[in-house]
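Reproduced below: model39.txt, with compact mmCIF, C-alpha atoms.
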```txt
# COMPACT_ATOMS: atom_id res chain seq x y z
CA MET A 1 106.44 81.59 72.99
CA SER A 2 106.46 81.11 76.76
CA LEU A 3 104.23 78.44 78.22
CA PHE A 4 103.34 80.85 81.00
CA LEU A 5 102.07 83.82 79.05
CA PRO A 6 98.67 82.42 77.98
CA LEU A 7 97.06 82.81 81.38
CA LEU A 8 93.91 84.54 82.45
CA LEU A 9 95.03 86.42 85.52
CA GLN A 10 92.81 88.17 88.02
CA VAL A 11 93.66 90.26 91.02
CA GLY A 12 91.17 89.40 93.71
CA PRO A 13 88.98 91.64 95.83
CA HIS A 14 90.27 93.74 98.65
CA PRO A 15 89.16 94.36 102.22
CA GLY A 16 87.20 97.38 103.33
CA TYR A 17 88.31 99.69 106.07
CA GLY A 18 85.23 101.87 106.37
CA GLY A 19 84.98 105.65 106.43
CA MET A 20 83.15 108.49 104.70
CA PRO A 21 83.67 112.07 104.03
CA GLY A 22 87.05 112.87 105.48
CA THR A 23 88.22 109.29 105.99
CA PRO A 24 88.15 107.54 102.60
CA ASP A 25 88.76 103.84 102.05
CA GLU A 26 89.29 104.03 98.30
CA LEU A 27 92.96 103.19 98.62
CA VAL A 28 92.26 99.96 100.44
CA ASN A 29 88.85 98.96 99.09
CA ARG A 30 88.15 98.66 95.41
CA PRO A 31 86.62 96.25 92.92
CA PRO A 32 88.47 93.30 91.42
CA ARG A 33 90.72 94.05 88.50
CA GLU A 34 91.06 91.67 85.59
CA THR A 35 93.66 91.34 82.87
CA ALA A 36 92.98 88.85 80.11
CA ILE A 37 95.44 87.36 77.64
CA THR A 38 94.18 85.17 74.84
CA ALA A 39 95.48 81.63 75.25
CA PRO A 40 96.20 79.09 72.52
CA VAL A 41 94.26 75.84 72.66
CA ASN A 42 96.36 73.13 74.35
CA SER A 43 95.89 70.70 77.22
CA THR A 44 97.26 73.13 79.77
CA SER A 45 95.08 76.07 78.80
CA ALA A 46 92.11 73.71 78.31
CA TRP A 47 92.44 72.54 81.92
CA LEU A 48 92.67 76.14 83.10
CA SER A 49 89.53 77.00 81.11
CA GLN A 50 87.72 74.07 82.68
CA CYS A 51 88.86 75.08 86.16
CA LEU A 52 87.72 78.65 85.63
CA ASP A 53 84.32 77.46 84.41
CA GLN A 54 84.05 75.32 87.53
CA LEU A 55 85.13 78.31 89.59
CA ALA A 56 82.11 80.28 88.42
CA GLU A 57 79.72 77.45 89.29
CA ASP A 58 81.27 75.88 92.39
CA PRO A 59 84.41 77.54 93.77
CA ALA A 60 84.77 74.90 96.51
CA ARG A 61 84.94 72.14 93.90
CA ALA A 62 87.39 74.16 91.80
CA HIS A 63 89.51 74.59 94.92
CA SER A 64 89.60 70.82 95.47
CA GLN A 65 90.34 70.04 91.83
CA ALA A 66 93.19 72.53 91.74
CA GLN A 67 94.71 71.07 94.90
CA ILE A 68 94.66 67.59 93.36
CA ARG A 69 96.16 68.75 90.07
CA ARG A 70 98.87 70.68 91.90
CA THR A 71 100.06 67.50 93.60
CA GLU A 72 100.05 65.50 90.36
CA THR A 73 101.84 67.90 88.01
CA ASN A 74 104.94 70.01 87.63
CA GLY A 75 106.25 72.79 85.43
CA ALA A 76 103.67 74.90 83.59
CA ASP A 77 100.80 72.63 84.64
CA ARG A 78 101.65 73.08 88.32
CA VAL A 79 101.91 76.85 87.91
CA ILE A 80 98.46 76.95 86.36
CA ALA A 81 97.04 74.66 89.03
CA ASN A 82 98.31 77.08 91.67
CA HIS A 83 96.86 79.95 89.68
CA CYS A 84 93.38 78.41 89.69
CA LEU A 85 93.78 77.38 93.31
CA GLY A 86 94.56 80.98 94.18
CA LEU A 87 91.49 82.23 92.34
CA ALA A 88 89.24 79.64 93.99
CA SER A 89 90.67 80.53 97.39
CA THR A 90 89.96 84.19 96.66
CA GLU A 91 86.34 83.40 95.82
CA LEU A 92 86.03 81.50 99.09
CA GLY A 93 87.73 84.21 101.13
CA LEU A 94 90.58 81.86 102.05
CA TRP A 95 93.21 84.55 101.91
CA ASP A 96 96.11 82.52 103.33
CA ASP A 97 95.45 79.76 100.78
CA ALA A 98 95.26 82.32 97.98
CA ARG A 99 98.47 84.00 99.05
CA THR A 100 100.32 80.67 99.28
CA ALA A 101 99.07 79.50 95.88
CA PHE A 102 99.91 82.74 94.07
CA LEU A 103 103.36 82.86 95.66
CA ALA A 104 103.99 79.27 94.59
CA ALA A 105 102.91 80.13 91.06
CA ARG A 106 105.27 83.10 91.06
CA ASP A 107 108.22 81.19 92.47
CA GLU A 108 107.79 78.30 90.03
CA THR A 109 107.58 80.60 87.03
CA PRO A 110 110.98 80.87 85.29
CA ALA A 111 112.97 83.98 86.11
CA ALA A 112 112.96 84.90 82.42
CA GLU A 113 109.18 85.31 82.62
CA ALA A 114 109.39 88.49 84.68
CA THR A 115 106.03 89.92 83.67
CA THR A 116 104.18 86.75 84.63
CA ARG A 117 106.03 86.68 87.94
CA ALA A 118 104.95 90.29 88.44
CA ARG A 119 101.31 89.36 87.88
CA PHE A 120 101.39 86.49 90.35
CA GLY A 121 103.28 88.62 92.86
CA THR A 122 100.64 91.32 92.61
CA MET A 123 97.91 88.76 93.15
CA ALA A 124 99.73 87.38 96.20
CA GLY A 125 100.14 90.88 97.59
CA ASN A 126 96.44 91.57 97.21
CA ALA A 127 95.58 88.32 98.97
CA ALA A 128 97.90 89.26 101.84
CA LEU A 129 96.29 92.69 102.09
CA ALA A 130 92.81 91.15 102.02
CA GLY A 131 93.92 88.89 104.86
CA GLY A 132 95.00 91.89 106.92
CA ASP A 133 98.76 91.49 106.50
CA ALA A 134 99.66 94.84 104.97
CA GLN A 135 103.34 94.51 105.86
CA SER A 136 103.79 91.29 103.86
CA ALA A 137 101.62 92.72 101.09
CA ALA A 138 103.96 95.70 100.76
CA LEU A 139 106.99 93.41 100.45
CA MET A 140 105.33 91.22 97.81
CA LEU A 141 104.14 94.21 95.81
CA THR A 142 107.58 95.81 95.93
CA THR A 143 109.00 92.60 94.46
CA ALA A 144 106.22 92.61 91.84
CA ILE A 145 107.21 96.13 90.83
CA GLN A 146 110.80 95.01 90.39
CA ASP A 147 109.70 92.06 88.25
CA ALA A 148 107.47 94.29 86.14
CA ARG A 149 110.37 96.66 85.62
CA SER A 150 112.62 93.76 84.60
CA GLY A 151 109.96 92.71 82.12
CA ALA A 152 109.71 96.27 80.77
CA SER A 153 105.97 96.38 81.50
CA ALA A 154 104.98 99.90 82.50
CA THR A 155 101.35 98.86 82.89
CA LEU A 156 102.12 96.06 85.32
CA GLU A 157 104.51 98.27 87.24
CA ALA A 158 101.82 100.93 87.55
CA LEU A 159 99.17 98.43 88.68
CA ALA A 160 101.48 96.95 91.30
CA GLY A 161 102.43 100.47 92.38
CA ILE A 162 98.79 101.40 92.95
CA ASP A 163 98.29 98.30 95.05
CA LEU A 164 101.51 99.03 96.95
CA ALA A 165 100.07 102.43 97.79
CA ARG A 166 97.00 100.72 99.27
CA ALA A 167 99.23 98.59 101.48
CA LEU A 168 101.28 101.61 102.56
CA VAL A 169 98.14 103.54 103.48
CA ALA A 170 97.07 100.61 105.65
CA LEU A 171 100.48 100.89 107.33
CA ASP A 172 99.93 104.63 107.91
CA ARG A 173 102.74 105.51 105.50
CA GLY A 174 100.88 108.14 103.53
CA GLU A 175 103.85 109.97 102.05
CA ASP A 176 105.41 106.72 100.82
CA ALA A 177 102.05 105.76 99.32
CA LEU A 178 101.93 109.10 97.52
CA THR A 179 105.38 108.47 96.06
CA ALA A 180 104.16 105.11 94.73
CA LEU A 181 101.13 106.76 93.15
CA GLU A 182 103.21 109.54 91.62
CA THR A 183 105.30 106.90 89.87
CA ALA A 184 102.23 104.92 88.82
CA THR A 185 100.53 107.92 87.22
CA GLN A 186 103.74 108.85 85.42
CA LEU A 187 104.05 105.33 84.03
CA GLU A 188 100.39 105.12 83.00
CA PRO A 189 98.98 108.66 82.76
CA ASP A 190 95.78 107.38 81.15
CA MET A 191 94.92 104.93 83.92
CA ALA A 192 91.98 106.43 85.80
CA ASP A 193 92.49 104.27 88.90
CA GLY A 194 95.84 105.85 89.59
CA TRP A 195 94.44 109.37 89.53
CA LEU A 196 91.44 108.40 91.65
CA PHE A 197 93.60 106.88 94.39
CA LYS A 198 96.05 109.74 94.17
CA ALA A 199 93.19 112.22 94.64
CA ALA A 200 91.85 110.26 97.61
CA LEU A 201 95.24 110.14 99.28
CA LEU A 202 95.97 113.81 98.68
CA ARG A 203 92.60 114.61 100.20
CA ARG A 204 93.47 112.42 103.17
CA LEU A 205 96.70 114.40 103.52
CA ASP A 206 94.68 117.68 103.51
CA ARG A 207 96.18 118.75 100.18
CA LEU A 208 92.81 119.65 98.70
CA ALA A 209 94.02 121.77 95.78
CA ASP A 210 96.27 118.95 94.57
CA ALA A 211 93.47 116.45 95.19
CA GLN A 212 91.16 118.55 93.01
CA SER A 213 93.66 118.51 90.15
CA ALA A 214 94.04 114.74 90.40
CA ILE A 215 90.30 114.05 90.50
CA GLU A 216 89.73 116.31 87.51
CA ARG A 217 92.16 114.16 85.54
CA ALA A 218 90.34 111.03 86.70
CA VAL A 219 87.01 112.51 85.57
CA GLU A 220 88.48 113.26 82.16
CA LEU A 221 89.56 109.64 81.77
CA ALA A 222 86.44 107.95 83.17
CA PRO A 223 83.53 110.41 83.42
CA LEU A 224 80.96 107.70 84.20
CA ASN A 225 82.96 105.96 86.95
CA GLY A 226 80.86 106.06 90.11
CA GLU A 227 83.80 105.89 92.51
CA ILE A 228 85.37 108.88 90.81
CA GLY A 229 82.12 110.82 91.08
CA LEU A 230 81.92 110.02 94.77
CA GLU A 231 85.49 111.19 95.38
CA ALA A 232 84.95 114.37 93.39
CA GLY A 233 82.03 115.19 95.64
CA VAL A 234 83.95 114.48 98.85
CA ILE A 235 86.79 116.75 97.75
CA ALA A 236 84.29 119.45 96.83
CA ILE A 237 82.43 119.31 100.16
CA LEU A 238 85.70 119.51 102.11
CA SER A 239 86.65 122.52 99.96
CA ASN A 240 83.38 124.27 100.94
CA ARG A 241 81.89 123.82 97.48
CA GLU A 242 78.59 122.27 98.51
CA GLU A 243 76.78 122.74 95.20
CA ALA A 244 79.65 121.12 93.27
CA ALA A 245 79.54 118.19 95.68
CA ARG A 246 75.79 117.86 95.26
CA LYS A 247 76.13 117.83 91.47
CA SER A 248 78.87 115.17 91.58
CA TRP A 249 76.89 112.84 93.82
CA GLN A 250 73.66 113.42 91.92
CA SER A 251 75.45 112.53 88.67
CA VAL A 252 76.46 109.18 90.18
CA VAL A 253 72.84 108.46 91.12
CA GLU A 254 71.61 109.39 87.65
CA ALA A 255 74.29 107.47 85.75
CA GLN A 256 74.22 104.24 87.82
CA PRO A 257 71.04 104.28 89.93
CA ASP A 258 71.28 100.64 91.04
CA SER A 259 75.00 100.59 91.83
CA PRO A 260 76.65 100.53 95.27
CA ALA A 261 78.22 103.88 94.38
CA ALA A 262 74.75 105.36 93.83
CA GLN A 263 73.62 104.05 97.20
CA THR A 264 76.58 105.74 98.84
CA ALA A 265 75.92 108.94 96.90
CA ARG A 266 72.33 109.02 98.13
CA GLY A 267 73.61 108.75 101.68
CA TYR A 268 75.95 111.69 101.09
CA LEU A 269 73.13 113.76 99.62
CA GLU A 270 70.96 113.03 102.64
CA GLN A 271 73.75 114.22 104.93
CA ILE A 272 74.06 117.63 103.28
CA GLY A 273 70.32 118.02 102.66
CA PRO A 274 68.61 119.86 99.82
CA ALA A 275 70.02 123.01 98.26
CA SER A 276 69.05 126.23 99.98
CA ASP A 277 66.42 128.25 98.16
CA THR A 278 67.87 131.73 97.93
CA ALA A 279 65.37 133.05 95.41
CA PRO A 280 63.30 136.02 96.71
CA ASN A 281 59.64 135.41 97.49
CA PRO A 282 57.26 136.88 94.89
```

Output the file's structure in the form of structure tokens.
Amino acid sequence: MSLFLPLLLQVGPHPGYGGMPGTPDELVNRPPRETAITAPVNSTSAWLSQCLDQLAEDPARAHSQAQIRRTETNGADRVIANHCLGLASTELGLWDDARTAFLAARDETPAAEATTRARFGTMAGNAALAGGDAQSAALMLTTAIQDARSGASATLEALAGIDLARALVALDRGEDALTALETATQLEPDMADGWLFKAALLRRLDRLADAQSAIERAVELAPLNGEIGLEAGVIAILSNREEAARKSWQSVVEAQPDSPAAQTARGYLEQIGPASDTAPNP
């Protein structure tokens, strides 16, 4: 079994670009995504576990420890040191450091380990996007897609494709982003994220009927997802279906009252005001 497969890999957070009904930021602003693979107990994975524990408590210290280990090791140990360094840099918002570390981890991973290279490439692309370099992010994510395809991993290819779409939106290449999302949803039709971002982009392109179809699929897959509920309401309000929008946003508030999505939903509800009372007076 490959020395590089037993890694806990996380794609870091992404930057926000602002906007609300009519100008969504869902394609370029979303929560961290995690993919976990159970690792066997050995010195390499033990060090990674220790570094990740330190990361949760003191990311600056984890950053320093990973830098030291990177200079003292090679092979799989150096790859994992760069991995932890990238995660620590992400926690600290040091996007250039994160990008450099993840790229080093990718480049030092054997070519035969295409799926692992795809993971690191995706992480590097996200770091570049978080740092405001959408052009480089698009190039890294395109390479990640190619690696995922070489590794016959439809899931990784879909995930990288969704992130590529985010980069392309930031570059004002909406139609290219839509093509990436079309492929991603074909590869992983049960991945709610893909349908959510596809709906948001279609809405941004004023294709509201298609956006409605996409968001309905997302709702089927993740009915309690607050971001999906928000998007469903935005599409509804732009389609002149005020009551449907109100119900979508109210459902987000009721399902997750303390979440950021609920806070946003309350703001939307305040904007449209209460439902009109059309009942006749007694």

Item to check | Near-stretch 208-218 of chain A list (7 Å; all atoms listed in the file; drop same-chain fewer than 3 positions) as a PyMOL selection string | outcome: chain A and resi 192+195-196+198-200+202-203+221-222+228+232+235+239

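Between atom CA of A:Asn126 and atom CA of A:Leu52 the interatomic distance comes to 19.4 Å.
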
Next on the checklist: Could you tell me how far atom CA of A:Leu224 sits from atom CA of A:Pro274, in Å to one decimal place?
Outcome noted: 23.3 Å

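Proximity to A:Arg149 was assessed for A:Gln54, A:Thr90, A:Thr115, A:Ser45 counting only C-alpha atoms; the smallest distance is recorded for A:Thr115.
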
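The two atoms in question, atom CA of A:Ala118 and atom CA of A:Glu188, are spaced 16.4 Å apart.
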
Next on the checklist: Applying 12 Å and only C-alpha atoms, which residues near A:Thr264 remain after dropping the ones on its own chain fewer than 5 positions away? List them as number ranges by chain.
Outcome noted: A: 19-21, 226-227, 229-231, 233-234, 249-250, 252-253, 256-259, 269-271

Every residue with an atom at most 6 Å from (91.3, 78.3, 97.3) (file coordinates; all atoms listed in the file) is what I'm after, so could you write them as a PDB file with C-alpha atoms, keeping the file's coordinate frame?
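This is the output file point.pdb:
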```
ATOM      1  CA  HIS A  63      89.510  74.590  94.920  1.00  0.00           C
ATOM      2  CA  LEU A  85      93.780  77.380  93.310  1.00  0.00           C
ATOM      3  CA  GLY A  86      94.560  80.980  94.180  1.00  0.00           C
ATOM      4  CA  ALA A  88      89.240  79.640  93.990  1.00  0.00           C
ATOM      5  CA  SER A  89      90.670  80.530  97.390  1.00  0.00           C
ATOM      6  CA  LEU A  94      90.580  81.860 102.050  1.00  0.00           C
ATOM      7  CA  ASP A  97      95.450  79.760 100.780  1.00  0.00           C
ATOM      8  CA  ALA A  98      95.260  82.320  97.980  1.00  0.00           C
TER       9      ALA A  98
END
```

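Using only C-alpha atoms, the smallest distance between any of A:Arg119, A:Arg173, A:Arg106, A:Arg99 and A:Gly132 comes from A:Arg99.
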
Item to check | Within 12 Å of A:Ile145 using all atoms listed in the file, minus same-chain residues under 5 positions, as JSON, numbers by chain | outcome: {"A": [114, 115, 116, 117, 118, 119, 120, 121, 122, 125, 138, 139, 140, 150, 151, 152, 153, 154, 155, 156, 157, 158, 159, 160, 161, 162, 163, 164, 165, 180, 183, 184, 187]}

Six-sided padding of 6 Å per side, axis-aligned box over stretch 192-195 of chain A, centre and edges in Å, one decimal, as lines of an AutoDock Vina configuration file:
```
center_x = 93.9
center_y = 106.8
center_z = 87.7
size_x = 15.9
size_y = 17.1
size_z = 15.8
```

Checklist entry - Taking into account all atoms listed in the file, which residue in the set A:Ala275, A:Leu181, A:Met191, A:Cys84 is nearest to A:Ala244? => result A:Ala275

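Closest approach to A:Ala101 among A:Gln263, A:Gln67, A:Thr73, A:Gln146: A:Gln67, based on all atoms listed in the file.
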
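Checking A:Arg246, A:Asp107, A:Ala112, A:Leu92 one by one against A:Asp58, counting all atoms listed in the file, you find the shortest gap at A:Leu92.
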
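Residue nearest A:Glu242 within the list A:Ala255, A:Leu171, A:Ile272, A:Ala265: A:Ile272 [criterion: smallest interatomic distance, only C-alpha atoms].
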
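Residues of protein, DNA or RNA having at least one counted atom within 10 Å of (90.0, 75.8, 87.2), given all atoms listed in the file, are A:Ser45, A:Ala46, A:Trp47, A:Leu48, A:Ser49, A:Gln50, A:Cys51, A:Leu52, A:Asp53, A:Gln54, A:Leu55, A:Ala56, A:Pro59, A:Arg61, A:Ala62, A:His63, A:Ser64, A:Gln65, A:Ala66, A:Arg69, A:Ile80, A:Ala81, A:Asn82, A:His83, A:Cys84, A:Leu85, A:Gly86, A:Leu87, A:Ala88.
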
Can you pull stretch 120-145 of chain A out of that block with N, CA, C and O atoms and hand it back as an mmCIF file, in the first residue's frame?
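Output (part.cif):
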```cif
data_model
loop_
_atom_site.group_PDB
_atom_site.id
_atom_site.type_symbol
_atom_site.label_atom_id
_atom_site.label_comp_id
_atom_site.auth_asym_id
_atom_site.auth_seq_id
_atom_site.Cartn_x
_atom_site.Cartn_y
_atom_site.Cartn_z
ATOM 1 N N PHE A 120 -3.690 17.206 -3.103
ATOM 2 C CA PHE A 120 -2.796 18.307 -2.773
ATOM 3 C C PHE A 120 -2.940 19.453 -3.774
ATOM 4 O O PHE A 120 -2.867 20.634 -3.410
ATOM 5 N N GLY A 121 -3.133 19.121 -5.042
ATOM 6 C CA GLY A 121 -3.316 20.156 -6.046
ATOM 7 C C GLY A 121 -4.578 20.967 -5.803
ATOM 8 O O GLY A 121 -4.593 22.190 -5.998
ATOM 9 N N THR A 122 -5.637 20.286 -5.366
ATOM 10 C CA THR A 122 -6.877 20.982 -5.052
ATOM 11 C C THR A 122 -6.682 21.911 -3.861
ATOM 12 O O THR A 122 -7.164 23.054 -3.846
ATOM 13 N N MET A 123 -5.968 21.429 -2.865
ATOM 14 C CA MET A 123 -5.695 22.257 -1.692
ATOM 15 C C MET A 123 -4.853 23.484 -2.062
ATOM 16 O O MET A 123 -5.101 24.597 -1.589
ATOM 17 N N ALA A 124 -3.873 23.292 -2.923
ATOM 18 C CA ALA A 124 -3.051 24.416 -3.377
ATOM 19 C C ALA A 124 -3.896 25.426 -4.151
ATOM 20 O O ALA A 124 -3.753 26.641 -3.993
ATOM 21 N N GLY A 125 -4.782 24.918 -4.994
ATOM 22 C CA GLY A 125 -5.653 25.802 -5.760
ATOM 23 C C GLY A 125 -6.557 26.626 -4.871
ATOM 24 O O GLY A 125 -6.781 27.820 -5.110
ATOM 25 N N ASN A 126 -7.083 25.992 -3.823
ATOM 26 C CA ASN A 126 -7.928 26.731 -2.887
ATOM 27 C C ASN A 126 -7.141 27.799 -2.152
ATOM 28 O O ASN A 126 -7.645 28.894 -1.896
ATOM 29 N N ALA A 127 -5.902 27.484 -1.775
ATOM 30 C CA ALA A 127 -5.070 28.473 -1.097
ATOM 31 C C ALA A 127 -4.795 29.658 -2.024
ATOM 32 O O ALA A 127 -4.823 30.824 -1.598
ATOM 33 N N ALA A 128 -4.533 29.371 -3.299
ATOM 34 C CA ALA A 128 -4.294 30.451 -4.259
ATOM 35 C C ALA A 128 -5.537 31.316 -4.408
ATOM 36 O O ALA A 128 -5.456 32.555 -4.464
ATOM 37 N N LEU A 129 -6.699 30.693 -4.466
ATOM 38 C CA LEU A 129 -7.938 31.442 -4.604
ATOM 39 C C LEU A 129 -8.202 32.287 -3.364
ATOM 40 O O LEU A 129 -8.616 33.444 -3.450
ATOM 41 N N ALA A 130 -7.926 31.702 -2.190
ATOM 42 C CA ALA A 130 -8.104 32.450 -0.945
ATOM 43 C C ALA A 130 -7.162 33.638 -0.893
ATOM 44 O O ALA A 130 -7.487 34.675 -0.304
ATOM 45 N N GLY A 131 -6.008 33.505 -1.520
ATOM 46 C CA GLY A 131 -5.044 34.603 -1.558
ATOM 47 C C GLY A 131 -5.318 35.608 -2.656
ATOM 48 O O GLY A 131 -4.545 36.558 -2.841
ATOM 49 N N GLY A 132 -6.384 35.407 -3.408
ATOM 50 C CA GLY A 132 -6.768 36.361 -4.443
ATOM 51 C C GLY A 132 -6.166 36.118 -5.810
ATOM 52 O O GLY A 132 -6.305 36.958 -6.702
ATOM 53 N N ASP A 133 -5.517 34.973 -5.999
ATOM 54 C CA ASP A 133 -4.894 34.674 -7.292
ATOM 55 C C ASP A 133 -5.732 33.623 -8.021
ATOM 56 O O ASP A 133 -5.385 32.446 -8.071
ATOM 57 N N ALA A 134 -6.839 34.062 -8.579
ATOM 58 C CA ALA A 134 -7.764 33.139 -9.234
ATOM 59 C C ALA A 134 -7.153 32.509 -10.481
ATOM 60 O O ALA A 134 -7.453 31.355 -10.806
ATOM 61 N N GLN A 135 -6.303 33.253 -11.179
ATOM 62 C CA GLN A 135 -5.702 32.718 -12.397
ATOM 63 C C GLN A 135 -4.827 31.508 -12.093
ATOM 64 O O GLN A 135 -4.940 30.460 -12.736
ATOM 65 N N SER A 136 -3.949 31.627 -11.091
ATOM 66 C CA SER A 136 -3.107 30.491 -10.705
ATOM 67 C C SER A 136 -3.958 29.364 -10.142
ATOM 68 O O SER A 136 -3.678 28.188 -10.372
ATOM 69 N N ALA A 137 -4.993 29.725 -9.386
ATOM 70 C CA ALA A 137 -5.885 28.705 -8.822
ATOM 71 C C ALA A 137 -6.503 27.863 -9.932
ATOM 72 O O ALA A 137 -6.571 26.636 -9.831
ATOM 73 N N ALA A 138 -6.932 28.521 -11.000
ATOM 74 C CA ALA A 138 -7.554 27.795 -12.108
ATOM 75 C C ALA A 138 -6.572 26.811 -12.744
ATOM 76 O O ALA A 138 -6.939 25.676 -13.083
ATOM 77 N N LEU A 139 -5.328 27.232 -12.889
ATOM 78 C CA LEU A 139 -4.314 26.344 -13.470
ATOM 79 C C LEU A 139 -4.054 25.144 -12.562
ATOM 80 O O LEU A 139 -3.964 24.005 -13.032
ATOM 81 N N MET A 140 -3.914 25.378 -11.268
ATOM 82 C CA MET A 140 -3.665 24.280 -10.326
ATOM 83 C C MET A 140 -4.837 23.318 -10.281
ATOM 84 O O MET A 140 -4.653 22.096 -10.222
ATOM 85 N N LEU A 141 -6.044 23.845 -10.297
ATOM 86 C CA LEU A 141 -7.225 22.986 -10.213
ATOM 87 C C LEU A 141 -7.433 22.198 -11.501
ATOM 88 O O LEU A 141 -7.907 21.060 -11.471
ATOM 89 N N THR A 142 -7.059 22.789 -12.634
ATOM 90 C CA THR A 142 -7.122 22.043 -13.892
ATOM 91 C C THR A 142 -6.169 20.854 -13.853
ATOM 92 O O THR A 142 -6.509 19.744 -14.281
ATOM 93 N N THR A 143 -4.964 21.076 -13.311
ATOM 94 C CA THR A 143 -4.004 19.982 -13.155
ATOM 95 C C THR A 143 -4.538 18.934 -12.179
ATOM 96 O O THR A 143 -4.378 17.724 -12.392
ATOM 97 N N ALA A 144 -5.189 19.385 -11.105
ATOM 98 C CA ALA A 144 -5.763 18.461 -10.132
ATOM 99 C C ALA A 144 -6.834 17.582 -10.776
ATOM 100 O O ALA A 144 -6.931 16.381 -10.483
ATOM 101 N N ILE A 145 -7.621 18.166 -11.647
ATOM 102 C CA ILE A 145 -8.641 17.394 -12.363
ATOM 103 C C ILE A 145 -7.982 16.316 -13.219
ATOM 104 O O ILE A 145 -8.433 15.166 -13.255
#
```
